[in-house]
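Coordinates as given in my_file_15.cif (mmCIF, C-alpha atoms and all ligand atoms):
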```cif
data_structure
#
loop_
_atom_site.label_atom_id
_atom_site.label_comp_id
_atom_site.auth_asym_id
_atom_site.auth_seq_id
_atom_site.Cartn_x
_atom_site.Cartn_y
_atom_site.Cartn_z
CA MET B 122 114.71 142.34 104.39
CA THR B 123 114.84 139.97 107.34
CA SER B 124 116.47 136.65 106.60
CA LEU B 125 116.14 133.44 108.54
CA SER B 126 119.57 133.86 110.09
CA ASP B 127 118.49 137.22 111.61
CA LEU B 128 115.83 135.46 113.69
CA PRO B 129 116.40 134.00 117.16
CA ILE B 130 115.87 130.50 115.77
CA ARG B 131 116.98 127.37 117.68
CA ASP B 132 120.73 126.85 117.22
CA ASP B 133 120.20 123.29 115.98
CA LEU B 134 117.93 124.53 113.17
CA ARG B 135 120.40 127.14 111.88
CA GLY B 136 121.55 126.42 108.33
CA LEU B 137 119.12 123.54 107.76
CA LYS B 138 117.16 123.18 104.52
CA PRO B 139 113.42 122.41 104.49
CA TYR B 140 112.01 119.37 102.67
CA GLY B 141 111.62 120.51 99.12
CA ALA B 142 110.79 118.04 96.40
CA PRO B 143 110.82 120.33 93.36
CA THR B 144 107.31 120.80 92.04
CA ASP B 145 106.55 121.91 88.51
CA PRO B 146 103.20 122.16 86.80
CA VAL B 147 104.12 119.55 84.18
CA SER B 148 101.79 117.00 82.62
CA ILE B 149 103.70 113.91 83.73
CA GLN B 150 104.60 114.13 87.41
CA LEU B 151 106.55 111.06 88.48
CA ASN B 152 108.52 112.70 91.28
CA VAL B 153 106.90 112.08 94.67
CA ASN B 154 105.71 108.47 94.47
CA GLU B 155 102.02 109.25 94.43
CA ASN B 156 99.45 106.95 92.91
CA THR B 157 98.95 108.82 89.66
CA HIS B 158 95.56 107.22 88.98
CA PRO B 159 92.64 109.46 89.89
CA ILE B 160 90.08 108.46 92.53
CA PRO B 161 87.18 106.62 90.84
CA GLU B 162 84.24 109.00 90.41
CA ALA B 163 81.71 106.82 92.26
CA VAL B 164 84.06 106.69 95.27
CA ALA B 165 84.67 110.44 95.09
CA THR B 166 80.90 111.00 95.17
CA ASP B 167 80.59 108.94 98.36
CA ILE B 168 83.46 110.86 99.95
CA VAL B 169 81.79 114.16 99.07
CA THR B 170 78.54 112.98 100.68
CA ALA B 171 80.42 112.05 103.85
CA LEU B 172 82.20 115.41 103.82
CA ALA B 173 78.92 117.28 103.39
CA LYS B 174 77.54 115.50 106.45
CA ALA B 175 80.67 116.30 108.48
CA VAL B 176 80.47 119.98 107.53
CA MET B 177 77.02 120.20 109.13
CA THR B 178 78.55 119.54 112.56
CA ALA B 179 81.86 121.34 112.00
CA ASN B 180 80.86 123.93 114.64
CA ARG B 181 81.92 121.23 117.12
CA TYR B 182 85.41 119.82 117.64
CA PRO B 183 85.91 116.44 115.96
CA ASP B 184 86.07 113.09 117.73
CA ARG B 185 89.43 113.49 119.47
CA GLU B 186 89.88 109.73 119.45
CA PHE B 187 88.85 109.31 115.76
CA THR B 188 87.29 106.02 116.82
CA GLU B 189 85.43 105.25 113.62
CA LEU B 190 88.56 105.85 111.58
CA ARG B 191 90.67 103.66 113.87
CA GLU B 192 88.06 100.89 113.54
CA ALA B 193 88.07 101.23 109.76
CA LEU B 194 91.89 101.18 109.60
CA ALA B 195 92.06 98.10 111.87
CA ALA B 196 89.54 96.31 109.65
CA TYR B 197 91.54 97.27 106.57
CA LEU B 198 94.83 95.97 108.02
CA GLY B 199 93.41 92.70 109.36
CA HIS B 200 96.00 90.59 111.24
CA GLY B 201 93.62 90.48 114.23
CA LEU B 202 94.23 94.17 114.94
CA THR B 203 91.57 96.27 116.65
CA ALA B 204 90.99 100.03 117.01
CA GLU B 205 93.14 100.01 120.19
CA ASN B 206 96.16 99.02 118.11
CA ILE B 207 95.74 101.92 115.69
CA TRP B 208 96.86 105.53 115.78
CA ALA B 209 96.46 108.03 112.94
CA ALA B 210 97.61 111.53 112.03
CA ASN B 211 97.91 113.97 109.15
CA GLY B 212 100.09 111.81 106.94
CA SER B 213 102.53 109.22 108.18
CA ASN B 214 105.07 112.05 108.46
CA GLU B 215 103.07 113.28 111.43
CA VAL B 216 102.91 109.75 112.83
CA LEU B 217 106.71 109.62 112.66
CA GLN B 218 106.98 113.07 114.22
CA GLN B 219 104.71 112.13 117.12
CA THR B 220 106.70 108.93 117.60
CA LEU B 221 109.92 110.93 117.93
CA GLN B 222 108.22 113.51 120.16
CA ALA B 223 107.29 110.69 122.52
CA PHE B 224 110.29 108.38 122.22
CA GLY B 225 113.07 110.62 120.86
CA GLY B 226 113.80 114.24 121.71
CA PRO B 227 116.80 116.04 123.20
CA GLY B 228 119.48 113.67 124.45
CA ARG B 229 118.06 110.77 122.46
CA ARG B 230 118.99 109.33 119.09
CA VAL B 231 117.25 107.71 116.17
CA LEU B 232 119.11 105.32 113.89
CA GLY B 233 118.51 105.17 110.14
CA PHE B 234 120.16 103.46 107.19
CA PRO B 235 120.75 105.87 104.27
CA PRO B 236 119.95 106.21 101.51
CA THR B 237 116.50 106.31 103.04
CA TYR B 238 113.43 108.53 103.22
CA SER B 239 114.67 112.11 103.24
CA MET B 240 112.14 113.19 105.85
CA HIS B 241 113.48 110.83 108.51
CA PRO B 242 116.46 113.09 109.40
CA ILE B 243 114.33 116.23 109.03
CA ILE B 244 111.71 114.91 111.46
CA ALA B 245 114.57 113.94 113.77
CA SER B 246 115.96 117.47 113.76
CA GLY B 247 112.52 119.06 114.18
CA THR B 248 111.99 117.01 117.33
CA GLY B 249 115.51 117.63 118.64
CA THR B 250 116.44 113.98 118.19
CA GLU B 251 119.97 113.14 117.08
CA TRP B 252 119.97 111.36 113.67
CA VAL B 253 122.63 108.66 113.57
CA THR B 254 123.29 106.45 110.58
CA ALA B 255 124.87 103.17 109.58
CA SER B 256 125.69 101.68 106.19
CA ARG B 257 123.65 99.15 104.28
CA ASP B 258 124.86 95.90 102.73
CA ALA B 259 125.48 95.49 99.01
CA ALA B 260 122.49 96.29 96.78
CA TYR B 261 121.01 98.42 99.61
CA ASP B 262 120.01 95.28 101.56
CA LEU B 263 119.78 95.19 105.35
CA SER B 264 120.78 91.89 106.90
CA PRO B 265 119.96 91.09 110.54
CA GLU B 266 123.73 91.12 111.30
CA THR B 267 124.21 94.59 109.83
CA VAL B 268 121.31 96.08 111.77
CA VAL B 269 122.24 94.36 115.03
CA ALA B 270 125.86 95.56 114.72
CA ALA B 271 124.71 99.14 114.10
CA ILE B 272 122.42 99.04 117.13
CA ALA B 273 125.22 97.66 119.30
CA GLU B 274 127.57 100.39 118.13
CA LEU B 275 125.21 103.38 118.21
CA ASN B 276 122.82 102.48 121.02
CA PRO B 277 119.79 104.29 119.56
CA ASP B 278 116.52 105.02 121.40
CA VAL B 279 114.55 104.57 118.18
CA VAL B 280 115.38 102.56 115.04
CA PHE B 281 113.78 103.48 111.71
CA LEU B 282 113.59 100.67 109.16
CA CYS B 283 111.95 101.67 105.89
CA SER B 284 110.42 98.73 104.02
CA PRO B 285 110.25 98.89 101.07
CA ASN B 286 112.86 101.58 101.40
CA ASN B 287 112.48 104.96 99.74
CA PRO B 288 114.36 105.79 97.45
CA THR B 289 115.74 102.34 96.63
CA GLY B 290 112.59 100.16 96.70
CA THR B 291 114.48 97.55 98.73
CA PRO B 292 112.42 95.53 101.24
CA VAL B 293 113.61 94.76 104.77
CA GLY B 294 112.97 91.15 105.72
CA ASN B 295 111.06 90.30 108.88
CA ALA B 296 114.13 88.43 110.17
CA THR B 297 115.95 91.78 110.19
CA VAL B 298 113.06 93.52 111.96
CA ALA B 299 112.87 90.80 114.61
CA ALA B 300 116.65 90.85 115.12
CA ALA B 301 116.60 94.65 115.49
CA TYR B 302 113.85 94.36 118.07
CA ASP B 303 115.79 91.83 120.10
CA ALA B 304 118.96 93.94 119.91
CA THR B 305 117.46 97.10 121.45
CA ASP B 306 115.39 98.20 124.43
CA GLY B 307 114.17 101.11 122.32
CA ILE B 308 111.45 101.52 119.76
CA VAL B 309 111.70 99.83 116.35
CA LEU B 310 109.57 101.57 113.74
CA VAL B 311 109.06 99.95 110.35
CA ASP B 312 107.97 102.59 107.84
CA GLU B 313 105.76 100.58 105.49
CA ALA B 314 104.49 103.49 103.39
CA TYR B 315 104.85 101.34 100.25
CA ALA B 316 103.86 97.94 101.72
CA GLU B 317 100.90 97.40 99.40
CA PHE B 318 103.26 97.27 96.41
CA SER B 319 105.38 94.50 97.93
CA ASP B 320 104.70 90.77 97.94
CA ARG B 321 106.65 90.29 101.17
CA GLU B 322 105.12 89.50 104.53
CA SER B 323 104.45 92.73 106.42
CA ALA B 324 106.03 93.47 109.80
CA LEU B 325 102.42 93.56 111.05
CA THR B 326 102.81 89.80 111.54
CA LEU B 327 105.51 90.50 114.15
CA LEU B 328 103.46 92.85 116.36
CA GLU B 329 102.07 90.19 118.70
CA GLY B 330 104.25 90.07 121.82
CA ARG B 331 106.47 92.98 120.70
CA PRO B 332 105.16 96.10 122.50
CA ARG B 333 108.06 98.30 121.30
CA LEU B 334 107.44 97.58 117.60
CA ILE B 335 105.57 100.12 115.46
CA VAL B 336 104.46 99.61 111.86
CA SER B 337 103.58 102.87 110.13
CA ARG B 338 101.45 103.05 106.99
CA THR B 339 99.87 105.71 104.85
CA MET B 340 96.86 106.27 102.61
CA SER B 341 99.06 108.50 100.40
CA LYS B 342 100.58 105.85 98.15
CA ALA B 343 98.70 102.69 97.13
CA PHE B 344 95.47 104.19 98.43
CA ALA B 345 95.60 107.18 96.06
CA PHE B 346 94.77 109.60 98.90
CA ALA B 347 97.90 111.73 99.32
CA GLY B 348 95.95 114.99 99.24
CA ALA B 349 93.79 113.97 102.20
CA ARG B 350 96.84 113.58 104.51
CA VAL B 351 96.11 110.38 106.37
CA GLY B 352 98.85 108.22 107.85
CA TYR B 353 98.56 105.69 110.64
CA LEU B 354 100.36 103.07 112.64
CA ALA B 355 99.67 99.71 114.20
CA ALA B 356 101.27 98.83 117.52
CA ASP B 357 100.57 97.80 121.08
CA PRO B 358 97.79 99.99 122.58
CA ALA B 359 100.36 101.45 125.01
CA ILE B 360 102.12 103.10 122.05
CA ALA B 361 98.92 105.00 121.24
CA ASP B 362 98.78 106.07 124.88
CA ALA B 363 102.30 107.49 124.53
CA LEU B 364 101.30 109.43 121.42
CA ARG B 365 98.26 110.86 123.20
CA LEU B 366 100.76 112.71 125.40
CA VAL B 367 102.30 114.61 122.49
CA ARG B 368 99.55 115.00 119.89
CA LEU B 369 97.70 118.29 119.68
CA PRO B 370 94.08 117.96 120.76
CA TYR B 371 91.77 117.28 117.80
CA HIS B 372 94.72 116.91 115.44
CA LEU B 373 92.62 115.02 112.87
CA SER B 374 89.91 117.29 111.51
CA ALA B 375 86.33 116.08 111.20
CA LEU B 376 86.70 116.45 107.43
CA THR B 377 89.83 114.30 107.33
CA GLN B 378 88.17 111.64 109.46
CA ALA B 379 85.01 111.61 107.34
CA ALA B 380 86.90 111.48 104.06
CA ALA B 381 89.21 108.69 105.23
CA VAL B 382 86.38 106.55 106.62
CA ALA B 383 84.45 106.96 103.37
CA ALA B 384 87.53 106.09 101.30
CA LEU B 385 88.29 103.02 103.42
CA ALA B 386 84.76 101.74 102.78
CA HIS B 387 85.88 101.56 99.15
CA ALA B 388 89.28 100.00 99.80
CA PRO B 389 89.06 97.50 96.91
CA GLU B 390 88.28 100.25 94.36
CA MET B 391 90.90 102.59 95.81
CA LEU B 392 93.52 99.83 95.65
CA ALA B 393 92.40 98.48 92.28
CA MET B 394 95.35 100.03 90.52
CA VAL B 395 98.08 98.47 92.68
CA ASN B 396 98.66 95.49 90.38
CA GLU B 397 98.66 97.73 87.34
CA ILE B 398 101.22 100.04 89.01
CA LYS B 399 103.44 97.04 89.82
CA THR B 400 103.23 96.01 86.17
CA GLN B 401 104.28 99.49 85.07
CA ARG B 402 107.09 99.55 87.66
CA ASP B 403 108.48 96.29 86.28
CA ARG B 404 108.05 97.60 82.75
CA MET B 405 110.02 100.70 83.71
CA SER B 406 112.82 98.58 85.19
CA ALA B 407 112.99 96.35 82.10
CA GLY B 408 112.89 99.35 79.76
CA LEU B 409 115.61 101.17 81.70
CA SER B 410 117.80 98.05 81.68
CA ALA B 411 117.37 97.71 77.94
CA LEU B 412 118.58 101.30 77.59
CA GLY B 413 121.74 100.53 79.56
CA PHE B 414 120.70 101.96 82.92
CA THR B 415 120.90 99.91 86.11
CA PRO B 416 117.54 99.82 87.93
CA VAL B 417 117.56 98.70 91.55
CA LEU B 418 115.14 95.83 92.21
CA SER B 419 112.07 97.60 93.60
CA GLU B 420 109.13 96.36 95.65
CA ALA B 421 107.57 99.84 95.80
CA ASN B 422 105.86 102.07 93.22
CA PHE B 423 109.07 103.67 91.97
CA VAL B 424 112.40 102.72 90.48
CA LEU B 425 115.83 104.04 91.38
CA PHE B 426 118.17 103.65 88.43
CA GLY B 427 121.92 104.08 88.10
CA ASN B 428 124.45 104.49 85.35
CA VAL B 429 123.22 108.03 84.74
CA ALA B 430 126.24 110.05 83.65
CA GLU B 431 124.79 113.45 84.55
CA PRO B 432 121.65 113.14 86.71
CA GLN B 433 120.86 116.88 86.76
CA GLU B 434 121.24 117.13 83.00
CA LEU B 435 118.97 114.16 82.34
CA PHE B 436 116.49 115.47 84.91
CA HIS B 437 116.28 118.80 83.04
CA LYS B 438 116.08 117.19 79.61
CA LEU B 439 113.06 115.20 80.80
CA LEU B 440 111.57 118.33 82.34
CA ILE B 441 111.75 120.08 78.97
CA GLN B 442 109.67 117.17 77.66
CA ASP B 443 107.09 117.82 80.40
CA ILE B 444 108.20 114.88 82.57
CA LEU B 445 109.19 115.45 86.19
CA ILE B 446 111.20 112.78 88.02
CA ARG B 447 113.52 113.05 91.04
CA ASP B 448 117.18 113.54 91.73
CA VAL B 449 117.48 112.11 95.24
CA GLY B 450 121.13 113.07 95.54
CA ILE B 451 122.66 109.62 94.97
CA PRO B 452 125.55 110.04 92.53
CA ASN B 453 124.72 108.81 89.01
CA HIS B 454 121.17 107.85 89.98
CA LEU B 455 117.65 109.17 89.46
CA ARG B 456 114.32 107.96 90.82
CA VAL B 457 111.08 107.71 88.89
CA THR B 458 107.57 106.88 90.11
CA ALA B 459 105.65 104.19 88.22
CA GLY B 460 102.74 105.95 86.57
CA THR B 461 99.80 104.95 84.47
CA GLU B 462 100.54 102.90 81.36
CA ALA B 463 100.49 106.09 79.25
CA GLU B 464 102.79 107.98 81.62
CA THR B 465 105.20 105.06 81.79
CA THR B 466 105.25 104.84 78.00
CA ALA B 467 105.89 108.59 77.72
CA PHE B 468 108.78 108.31 80.19
CA LEU B 469 110.36 105.29 78.50
CA ASP B 470 109.94 106.84 75.03
CA ALA B 471 111.58 110.07 76.20
CA MET B 472 114.44 108.09 77.75
CA ALA B 473 114.92 106.10 74.53
CA ASP B 474 114.96 109.32 72.48
CA LEU B 475 117.52 110.92 74.79
CA ARG B 476 119.63 107.74 74.63
CA ALA B 477 119.47 107.80 70.84
CA LEU B 478 120.65 111.40 70.92
CA GLY B 479 123.71 110.20 72.78
CA ARG B 480 122.58 110.90 76.31
N1 LIG B 501 107.40 107.23 104.57
C1 LIG B 501 107.95 107.10 103.37
C2 LIG B 501 108.99 106.05 103.18
C3 LIG B 501 107.60 107.95 102.32
O1 LIG B 501 108.20 107.83 101.14
C4 LIG B 501 106.62 108.93 102.54
C5 LIG B 501 106.18 109.89 101.47
N2 LIG B 501 107.02 110.18 100.46
C6 LIG B 501 106.07 109.03 103.82
C7 LIG B 501 106.47 108.16 104.81
C8 LIG B 501 105.11 110.10 104.21
O2 LIG B 501 103.94 110.06 103.53
P1 LIG B 501 102.62 110.75 104.08
O3 LIG B 501 103.00 111.78 105.09
O4 LIG B 501 102.00 111.32 102.87
O5 LIG B 501 101.83 109.64 104.69
#
```
For this file, produce the structure as structure tokens.
Amino acid sequence: MTSLSDLPIRDDLRGLKPYGAPTDPVSIQLNVNENTHPIPEAVATDIVTALAKAVMTANRYPDREFTELREALAAYLGHGLTAENIWAANGSNEVLQQTLQAFGGPGRRVLGFPPTYSMHPIIASGTGTEWVTASRDAAYDLSPETVVAAIAELNPDVVFLCSPNNPTGTPVGNATVAAAYDATDGIVLVDEAYAEFSDRESALTLLEGRPRLIVSRTMSKAFAFAGARVGYLAADPAIADALRLVRLPYHLSALTQAAAVAALAHAPEMLAMVNEIKTQRDRMSAGLSALGFTPVLSEANFVLFGNVAEPQELFHKLLIQDILIRDVGIPNHLRVTAGTEAETTAFLDAMADLRALGR
């Protein structure tokens, strides 16, 4: 049997592991920070109607510029943004990849602050960009001074700031984003995949007059649309021009465009659960604290908690009870996505039972 190492693969990909959040067909999946609430049926019906219409013209290539979608995304974001400021792709992962294809690549480096989104280094390696890292402050914070010092030391071409940060839930203040921008001639990308769950001011407010700043977003989290694969960014129109150089032609299918535009027309219904999810997140944190764990203050839809003696053991004990959460590789920590009220109750009950059993 041929194995990967027998193939003439790029030297820099040898020995690497693919992204692989474990998936299990369990009833309570709180492992990949999805919105676990289903799409409202009336909205789903409208999306199906839009898809049916798009299918009728699927003999033709889609709108390469996905103009209607960019208009809808600009209207959703507000902040005076127009379609020219928006770029979209198949999930914000692809937005990040295109950003590194255009602004990273061989001989260039991207700076990140672990623990952070596990795909950031993987996208860096896929695009041949060197992934360089610097430490965070206490409690996973990122002060302007810390970020500026790291930029001065490592001289990156691209800086990734994840706010709120996955897997910690920690926000990055706009003072830090602005300081990072001033400290580099490169691109500063704020990954705001979880922004809708935070009460902080978005980095979107900093875009005016900062042509090297990118704010990336996704419909996968708050918007309950992970399966449709729609991510996007807001930036100076010149950034979109740069991404046009590296994107594949027609990268967003007509079906994706139609589904996303239809979903965005129902933004309030799609986002209706955000407050409820925040309530469940805070309930999870309080419940975990009461059980003696140490949850990190989260502004996203998940909670990272410490004081876990044996993360893998606890992970498997929950799995036996049909609950899937995530070991993100931080010693003595696990991460859990805030679910529906019932899912959150099931998780907290299972944790209390395991605690009572001496775990
Ligand atoms: N950024 C962050 C911080 C994430 O956690 C995720 C998904 N886990 C993404 C980007 C990518 O999401 P998607 O490709 O579904 O938009």
Problem set entry | 9 Å shell around ligand LIG 501 (chain B) using only C-alpha atoms and all ligand atoms, listed as an MDAnalysis selection string | chainID B and resid 153:155 210:217 237:241 283:288 312:315 337:342 346:353
Problem set entry | Residue nearest Asp448 in chain B among B:Leu151, B:Leu364, B:Val280, B:Ala388 (counting all atoms listed in the file) | B:Leu151
Exercise. Pick from B:Lys438, B:Ala345, B:Ile444, B:Leu392: nearest to His158 in chain B, with all atoms listed in the file counted?
Worked result: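 Comparing B:Lys438, B:Ala345, B:Ile444, B:Leu392 against His158 in chain B, the winner is B:Ala345.
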For this session: For CA of Pro236 in chain B and CA of Thr157 in chain B, quote the distance in Å rounded to one decimal.
Result: 24.3 Å
For this session: Tell me, in Å to one decimal, how far CA of Leu134 in chain B is from CA of Ser246 in chain B.
Result: 7.4 Å
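Every protein, DNA or RNA residue with an atom at most 12 Å from Gln433 in chain B, where all atoms listed in the file count and chain neighbours fewer than 6 positions away do not, is listed here: Leu439, Leu440, Leu445, Ile446, Arg447, Asp448, Val449, Gly450, Ile451, Pro452, Asn453, His454, Leu455 and Arg456 of chain B.
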For this session: Using all atoms listed in the file, find all polymer residues with an atom at most 12 Å away from the point (111.3, 106.6, 78.6); report them as a ChimeraX atom specification.
Result: /B:149,151,401,404-412,414,435,438-439,442,444-446,457,459-460,462-477
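Among the candidates B:Val311, B:Ala379, B:Ala204, B:Leu425, the one nearest to Ala361 in chain B when counting only C-alpha atoms is B:Ala204.
Distance check against Ala259 in chain B using all atoms listed in the file: of B:Leu327, B:Pro389, B:Glu162, B:Val417, the minimum falls on B:Val417.
Proximity to Leu198 in chain B was assessed for B:Arg181, B:Ala316, B:Leu366, B:Ala300 counting only C-alpha atoms; the smallest distance is recorded for B:Ala316.
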For this session: Pick out the residues sitting within 10 Å of Leu263 in chain B, and hand them over as a list in words; count all atoms listed in the file, and ignore anything fewer than 4 positions along from it in its own chain.
Result: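 Near Leu263 in chain B, the qualifying residues are Phe234, Ser256, Arg257, Asp258, Ala259, Thr267, Val268, Leu282, Thr291, Pro292, Val293, Gly294, Thr297 and Val298 of chain B.
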Problem set entry | For Leu325 in chain B, the nearest of the candidates B:Gly201, B:Pro161, B:Gly141, B:Gly225, counting only C-alpha atoms |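 For Leu325 in chain B, the nearest of the given residues is B:Gly201.
Interatomic distance, CA of Ala356 in chain B to CA of Asn422 in chain B: 24.9 Å.
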Nearby residues (all atoms listed in the file) at most 8 Å from Leu334 in chain B, same-chain spacing under 5 positions excluded, as a PDB file with C-alpha atoms, in the coordinates of the input:
```pdb
ATOM      1  CA  TYR B 302     113.850  94.360 118.070  1.00  0.00           C
ATOM      2  CA  ILE B 308     111.450 101.520 119.760  1.00  0.00           C
ATOM      3  CA  VAL B 309     111.700  99.830 116.350  1.00  0.00           C
ATOM      4  CA  LEU B 310     109.570 101.570 113.740  1.00  0.00           C
ATOM      5  CA  VAL B 311     109.060  99.950 110.350  1.00  0.00           C
ATOM      6  CA  LEU B 328     103.460  92.850 116.360  1.00  0.00           C
ATOM      7  CA  ALA B 356     101.270  98.830 117.520  1.00  0.00           C
ATOM      8  CA  ASP B 357     100.570  97.800 121.080  1.00  0.00           C
TER       9      ASP B 357
END
```
Point (96.4, 102.9, 118.1), cut-off 8 Å, counting all atoms listed in the file, residues as a PDB file with C-alpha atoms, in the frame of the given file:
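Output (result37.pdb):
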```pdb
ATOM      1  CA  ARG B 191      90.670 103.660 113.870  1.00  0.00           C
ATOM      2  CA  ALA B 204      90.990 100.030 117.010  1.00  0.00           C
ATOM      3  CA  GLU B 205      93.140 100.010 120.190  1.00  0.00           C
ATOM      4  CA  ASN B 206      96.160  99.020 118.110  1.00  0.00           C
ATOM      5  CA  ILE B 207      95.740 101.920 115.690  1.00  0.00           C
ATOM      6  CA  TRP B 208      96.860 105.530 115.780  1.00  0.00           C
ATOM      7  CA  ALA B 209      96.460 108.030 112.940  1.00  0.00           C
ATOM      8  CA  LEU B 354     100.360 103.070 112.640  1.00  0.00           C
ATOM      9  CA  ALA B 355      99.670  99.710 114.200  1.00  0.00           C
ATOM     10  CA  ALA B 356     101.270  98.830 117.520  1.00  0.00           C
ATOM     11  CA  ASP B 357     100.570  97.800 121.080  1.00  0.00           C
ATOM     12  CA  PRO B 358      97.790  99.990 122.580  1.00  0.00           C
ATOM     13  CA  ILE B 360     102.120 103.100 122.050  1.00  0.00           C
ATOM     14  CA  ALA B 361      98.920 105.000 121.240  1.00  0.00           C
ATOM     15  CA  ASP B 362      98.780 106.070 124.880  1.00  0.00           C
TER      16      ASP B 362
END
```
Counting all atoms listed in the file, what is within 6 Å of Thr415 in chain B, bar same-chain residues fewer than 2 positions away, as a compact mmCIF listing (two decimals) with C-alpha atoms, in the frame of the given file?
```txt
# COMPACT_ATOMS: atom_id res chain seq x y z
CA SER B 410 117.80 98.05 81.68
CA PHE B 426 118.17 103.65 88.43
CA GLY B 427 121.92 104.08 88.10
CA ASN B 428 124.45 104.49 85.35
```
Exercise. If you count only C-alpha atoms, which residues fall within 12 Å of Ala165 in chain B, apart from same-chain ones fewer than 5 positions away, as an NGL selection string?
Worked result: :B and (159-160 or 170-172 or 345-346 or 380-381 or 383-387 or 390-391)
Would you export the selected residues with C-alpha atoms as a CSV table (one decimal), keeping the file's coordinate frame, please?
```csv
chain,number,residue,atom,x,y,z
B,159,PRO,CA,92.6,109.5,89.9
B,160,ILE,CA,90.1,108.5,92.5
B,170,THR,CA,78.5,113.0,100.7
B,171,ALA,CA,80.4,112.0,103.8
B,172,LEU,CA,82.2,115.4,103.8
B,345,ALA,CA,95.6,107.2,96.1
B,346,PHE,CA,94.8,109.6,98.9
B,380,ALA,CA,86.9,111.5,104.1
B,381,ALA,CA,89.2,108.7,105.2
B,383,ALA,CA,84.4,107.0,103.4
B,384,ALA,CA,87.5,106.1,101.3
B,385,LEU,CA,88.3,103.0,103.4
B,386,ALA,CA,84.8,101.7,102.8
B,387,HIS,CA,85.9,101.6,99.2
B,390,GLU,CA,88.3,100.2,94.4
B,391,MET,CA,90.9,102.6,95.8
```
Mind writing range 246-270 of chain B to a file for me, with C-alpha atoms, as an mmCIF file, in the first residue's frame?
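Once written, result-v4.cif looks like this:
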```
data_model
loop_
_atom_site.group_PDB
_atom_site.id
_atom_site.type_symbol
_atom_site.label_atom_id
_atom_site.label_comp_id
_atom_site.auth_asym_id
_atom_site.auth_seq_id
_atom_site.Cartn_x
_atom_site.Cartn_y
_atom_site.Cartn_z
ATOM 1 C CA SER B 246 1.821 25.909 5.779
ATOM 2 C CA GLY B 247 -0.536 25.187 2.874
ATOM 3 C CA THR B 248 0.343 28.543 1.344
ATOM 4 C CA GLY B 249 4.072 28.170 2.052
ATOM 5 C CA THR B 250 3.990 31.000 4.572
ATOM 6 C CA GLU B 251 6.183 30.733 7.657
ATOM 7 C CA TRP B 252 4.077 30.645 10.868
ATOM 8 C CA VAL B 253 5.777 32.593 13.645
ATOM 9 C CA THR B 254 4.363 32.985 17.123
ATOM 10 C CA ALA B 255 4.585 35.138 20.213
ATOM 11 C CA SER B 256 3.219 34.702 23.725
ATOM 12 C CA ARG B 257 0.082 36.244 25.136
ATOM 13 C CA ASP B 258 -0.279 38.158 28.395
ATOM 14 C CA ALA B 259 -1.816 36.648 31.516
ATOM 15 C CA ALA B 260 -5.351 35.283 31.080
ATOM 16 C CA TYR B 261 -4.714 34.988 27.308
ATOM 17 C CA ASP B 262 -5.031 38.772 26.873
ATOM 18 C CA LEU B 263 -3.225 40.698 24.146
ATOM 19 C CA SER B 264 -2.134 44.183 25.145
ATOM 20 C CA PRO B 265 -1.009 46.729 22.540
ATOM 21 C CA GLU B 266 2.527 46.573 24.032
ATOM 22 C CA THR B 267 2.727 42.789 23.696
ATOM 23 C CA VAL B 268 1.607 42.806 20.074
ATOM 24 C CA VAL B 269 3.814 45.740 19.105
ATOM 25 C CA ALA B 270 6.860 44.085 20.723
#
```
